[in-house]
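Below is one structure, written out as structure tokens, with a few remarks after it.
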Protein chains: 2
Amino acid sequence: MTDFAMIKAAAARAKGRVRRTPLLNSPTLDRLAGRHVFVKAECLQHTGSFKLRGAWSAISGLDPSEKSSGVIAVSSGNHAQGIALATHAHKVRAVILMPSDAPAQKIENTRTLGAEVVLYDRAQDDRDTLSHQLCAERGLTMISPYDHPLVIAGQGTVGIEIAEQARELGIQAARVLVPCGGGGLTSGIALALQSLAPDMIVHPCEPSGFDDAIRSLNSGKIERNQRSSGSICDAILTPSPGKITFPIMQRLCQPGVAVTDNECLRAMALAFSWLKIVIEPGGAVALAAALFHGQSFGQDDLIVVASGGNVETALFQRALAQKI
Amino acid sequence: MTDFAMIKAAAARAKGRVRRTPLLNSPTLDRLAGRHVFVKAECLQHTGSFKLRGAWSAISGLDPSEKSSGVIAVSSGNHAQGIALATHAHKVRAVILMPSDAPAQKIENTRTLGAEVVLYDRAQDDRDTLSHQLCAERGLTMISPYDHPLVIAGQGTVGIEIAEQARELGIQAARVLVPCGGGGLTSGIALALQSLAPDMIVHPCEPSGFDDAIRSLNSGKIERNQRSSGSICDAILTPSPGKITFPIMQRLCQPGVAVTDNECLRAMALAFSWLKIVIEPGGAVALAAALFHGQSFGQDDLIVVASGGNVETALFQRALAQKI
């Protein structure tokens, strides 16, 4: 099970290969939120999202026989690119199962990074059957995008950096708001901060209508979303928290906050204007929570993870057209 | 006169107040340029441009009597905001003379940061007469946006970071492409690299039709632009290189490269897609030179400064609409 030692080890393996992303802030965002808001810009990570961290951790932690037979991952975008980059660097074969309606650019990026992409039809094919079949036929190791101890450890390296960067800025206590899909990033950060900055409290943030983690934390058991699509926050529309991630979140996280698609678009526009970064909708849920749901977090300073920036131009233009 | 010791001293005074901005890269940009391209993202600096560095250096370097009587600066945008932030932090009074047709947001930002803004009419008023009058009447110290030894020293701290970050990435030799207005950033970086990384060669980059520095380096004397407006690269449309900056550039820089407005827009769109950063047109000239004028730089790796990100939404939308 993932612990702080595994996160430190993942950070050591990632040195020089995963970017230490900056912690940004703006007086205007502070004014809007009525407190200090710091933004951990993981959109500036290689491949445009934090997913590289978990992928790098998992691939660099494979044993020699797993390395030689290769891995498989299922993803429509960010995890796919993280796995593709990490396997390419480690000379490990990667098969990525992607839905045929995934954004063309994400499919192309994954291929360009050197992975073999196998497309499936969301309507006709059963993803799990297909992936297990490929696993068995080719002797591949499955790398889950979140429910995997080494992936969680990799995402936890964001927490190490947050603790270090907050210390440099003189921040002791804060609420740490994290975009939450399957919970790999949220649980990894919570584990790192438990060891390094116990006065920092982690809250998962989700899109309204896809608040499975929030409801699971409230009810004490894993809850599922009713829908699997219907939000612009495509990167974090996971059906439910993971079997490994949920107990960690249950132990370490405080209640989550849900935000609307429109709040995400406005947060994206504000990050464009005041931080000069590009955030994708799913990567903006925590910033939206900080800016528009501050009452959920007392008067505390907020540290927000902007988890990714892989947004299509047309959708970003929609964000820029928002009245902010 | 600015030397490396002054740059190091400026870096020491700026510690914790000026951001160490990341050096970013993308396999796609590398492919487009046919070599490694690294982007020093000064658009992520506080106030959205590198100008804070020079302003911080100058204000933190004032003597006590200058500090108590205050400063004046003339600027339509980025220098204004840098001076406003630096004076506010040092509790120094600042008067900023801005053209009345400067972008409303830049005027508002400068005021919000605590400076007194005095507007002048570009058509009717003589800027220099006005500023000298204000200087004399109020006993203010003038802080030039580029022709000032401490300002050059502050901008030179970008060069220190480039040298350090390049070393971390194992880069020994490279061409360093710098957006050039009055030459403060270009000459500061050149001075720092002369001491820290003598195999790095600095080239100024300018908008076509506003290539005063390029022509001055070619002719060996200070040349002026014929026009003072007519490019979207508003931040770097300075009439000529400075009296202090030009001799430094002449001694240390290699020939410059001019790029079109359209190339800047395409560079902005590519930085959006592949680096997830927002660059303003004037801040994108060096990236445009790297991507579209690579033949000017042999086969060497390129380090590009993205000097600012203060771009109006409508203009950024225009960049996103480019065919790239």
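For the structure tokens, the naming scheme is as follows: chains receive sequential letters (A, B, ...) according to their order of presentation, residues are indexed from 1 within each chain, and ligands are indexed from 1 in presentation order.
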
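In this structure, the chain A residues at most 6 Å away from chain B are Lys276, Ile277 and Val278 of chain A, with only C-alpha atoms considered.
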
Q: Enumerate the residues of region 49-285 of chain A with a DSSP assignment of strand (DSSP E or B), computed from the backbone, and present them as a ChimeraX atom specification.
A: /A:49,71-74,94-99,116-120,141-142,174-179,200-207,253,257-259,277

Q | Point-to-point distance from CA of Ala115 (chain B) to CA of Leu97 (chain B), Å rounded to tenths | A | 10.2 Å

(Q) List as a ChimeraX atom specification the protein and nucleic acid residues near Glu116 (chain A), meaning an atom at most 12 Å away when only C-alpha atoms are counted, but skip any in the same chain fewer than 5 places from it. (A) /A:70-74,80-81,83-85,87-88,92-98,107-111

(Q) So that I can check the secondary structure, give me every residue of region 111-277 of chain B assigned alpha helix (DSSP H) by backbone DSSP, as a PyMOL selection string. (A) chain B and resi 111-112+127-138+149-168+184-196+212-219+245-252+261-274

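When the distance limit is 10 Å and only C-alpha atoms are what count, the residues near Ala5 (chain A), minus those fewer than 4 positions from it on the same chain, are Ala9, Ala10, Ala11, Ala153, Ala192 and Ser195 of chain A.
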
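CA of Asp126 (chain B) sits 23.7 Å away from CA of Gly184 (chain B).
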